[in-house]
Amino acid sequence: MNLNLSLYSIQGFIILDSEGNRVLAKYYHSKSHPQGESKEFLTLKEQKHSKRAYGRKQRKLAVCDIILYDGHLAVYKHSLDLILYFIAGPTENELMLSTALSSFIDALSMLLRNSLEKRGVLENLDLVLLCLDETVDDGIIVDTDPAAIASRVSRPRADTTEIVINEQTLLSAYQTVKEKMQQRIGQL
């Protein structure tokens with residue numbers, strides 16, 4: 001029995017729209033993997049073939065969230081008009097993959113204000129990729145806490161970091177400086 005005792009568990013991440021077209025895909029080929037660099041999904045042809053195959057297989061098996069197809073384990077979840085996949089080897093832990101995917105989706109929902117749809121993903125692609133990088137690093141599941149992932153990815157609020165300078169603030173600053181100068185001169 002061949003046990004996988006490696007931290008490298010995810011081979012790829014795919015987002016497909018409802019028609020099966022690729023919205024986003026990221027594949028992991030770690031050179032530091034104990035079994036050597038993965039030869040899976042190296043070419044664009046292999047990537048497109050796998051994307052189409054998972055889309056077809058998923059449509060046939062609409063009731064389950066885990067697919068074992070072509071020597072790969074695919075865990076997926078639906079969200080409005082998107083389907084998000086984590087692809088792994090056949091010996092990986094399905095529960096861990098499902099937990100990681102659920103955490104990623106929950107963190108994305110927090111960041112995109114509960115509108116995890118194709119348009120929102122494309123408009124906020126930077127946040128999606130940062131969120132993915134905070135969840136999975138080079139095929140290793142790093143974090144499964146959606147709140148922690150979202151907090152590390154989220155942008156600072158504009159109202160707390162933005163300083164508004166207008167005539168009133170300049171006049172107020174001038175008055176303060178004038179008063180301080182008069183006090184200093186009065187003390188001499």
# chains A, B, ... in the order shown; residues from 1 in each chain; ligands from 1
$ closest_atom_pairs --of "region 75-167 of chain A" --to "region 6-13 of chain A" --cutoff "9 Å" --atoms "only C-alpha atoms" --output "JSON lines"
{"residue": "A:Leu84", "atom": "CA", "partner": "A:Phe13", "partner_atom": "CA", "distance": 7.5}
{"residue": "A:Tyr85", "atom": "CA", "partner": "A:Phe13", "partner_atom": "CA", "distance": 5.6}
{"residue": "A:Phe86", "atom": "CA", "partner": "A:Phe13", "partner_atom": "CA", "distance": 4.7}
{"residue": "A:Ile87", "atom": "CA", "partner": "A:Gly12", "partner_atom": "CA", "distance": 4.9}
{"residue": "A:Ala88", "atom": "CA", "partner": "A:Ile10", "partner_atom": "CA", "distance": 4.7}
{"residue": "A:Gly89", "atom": "CA", "partner": "A:Ser9", "partner_atom": "CA", "distance": 7.2}
{"residue": "A:Glu92", "atom": "CA", "partner": "A:Ser9", "partner_atom": "CA", "distance": 6.4}
{"residue": "A:Asn93", "atom": "CA", "partner": "A:Ser9", "partner_atom": "CA", "distance": 8.4}
{"residue": "A:Leu97", "atom": "CA", "partner": "A:Ile10", "partner_atom": "CA", "distance": 8.0}
{"residue": "A:Leu132", "atom": "CA", "partner": "A:Phe13", "partner_atom": "CA", "distance": 8.8}
{"residue": "A:Val136", "atom": "CA", "partner": "A:Ile10", "partner_atom": "CA", "distance": 7.9}
{"residue": "A:Asp138", "atom": "CA", "partner": "A:Tyr8", "partner_atom": "CA", "distance": 7.6}
{"residue": "A:Gly139", "atom": "CA", "partner": "A:Ile10", "partner_atom": "CA", "distance": 4.5}
{"residue": "A:Ile140", "atom": "CA", "partner": "A:Tyr8", "partner_atom": "CA", "distance": 4.7}
{"residue": "A:Ile141", "atom": "CA", "partner": "A:Ser9", "partner_atom": "CA", "distance": 7.2}
$ select_by_dssp --residues "region 67-187 of chain A" --states "strand (DSSP E)" --output "PyMOL selection string"
chain A and resi 67-69+72-79+82-88+136-137+140-141
$ write_last_selection --atoms "C-alpha atoms" --output "short mmCIF file (atom, residue, chain, number, x, y, z; two decimals), in the first residue's frame"
data_model
loop_
_atom_site.label_atom_id
_atom_site.label_comp_id
_atom_site.auth_asym_id
_atom_site.auth_seq_id
_atom_site.Cartn_x
_atom_site.Cartn_y
_atom_site.Cartn_z
CA ILE A 67 -14.91 12.90 -8.80
CA LEU A 68 -12.23 10.28 -9.38
CA TYR A 69 -11.43 10.61 -13.07
CA HIS A 72 -7.03 12.33 -10.46
CA LEU A 73 -9.26 13.26 -7.59
CA ALA A 74 -11.34 16.38 -8.21
CA VAL A 75 -13.24 18.10 -5.43
CA TYR A 76 -15.62 20.79 -6.65
CA LYS A 77 -18.30 23.20 -5.49
CA HIS A 78 -20.91 25.22 -7.36
CA SER A 79 -21.42 28.93 -6.87
CA LEU A 82 -19.13 29.08 -11.49
CA ILE A 83 -17.71 25.69 -10.59
CA LEU A 84 -14.49 25.67 -8.54
CA TYR A 85 -12.21 22.60 -8.53
CA PHE A 86 -9.20 21.41 -6.55
CA ILE A 87 -7.39 18.64 -8.45
CA ALA A 88 -5.21 16.14 -6.56
CA VAL A 136 -2.58 26.86 -1.19
CA ASP A 137 1.13 27.50 -1.61
CA ILE A 140 0.53 22.63 0.00
CA ILE A 141 -2.65 23.52 1.88
#
$ closest_residue --among "A:Leu122, A:Ala107, A:Leu101, A:Met96" --to "Asp17 (chain A)" --atoms "only C-alpha atoms"
A:Leu122
$ closest_residue --among "A:Leu129, A:Ile66, A:Val121, A:Leu112" --to "Lys26 (chain A)" --atoms "only C-alpha atoms"
A:Leu129
$ residues_around --residues "region 142-149 of chain A" --least-positions-apart "2" --cutoff "7 Å" --atoms "only C-alpha atoms" --output "ChimeraX atom specification"
/A:99-100,103-104,106-107,131,134-137,140,151-153
$ closest_residue --among "A:Leu80, A:Ala173, A:Ile15, A:Leu108" --to "Ala150 (chain A)" --atoms "only C-alpha atoms"
A:Leu108
$ select_by_dssp --residues "region 70-103 of chain A" --states "alpha helix (DSSP H)" --output "PyMOL selection string"
chain A and resi 94-103
$ atom_distance --atom1 "CA of Lys118 (chain A)" --atom2 "CA of Glu19 (chain A)"
11.4 Å
$ atom_distance --atom1 "CA of Leu125 (chain A)" --atom2 "CA of Leu111 (chain A)"
11.4 Å
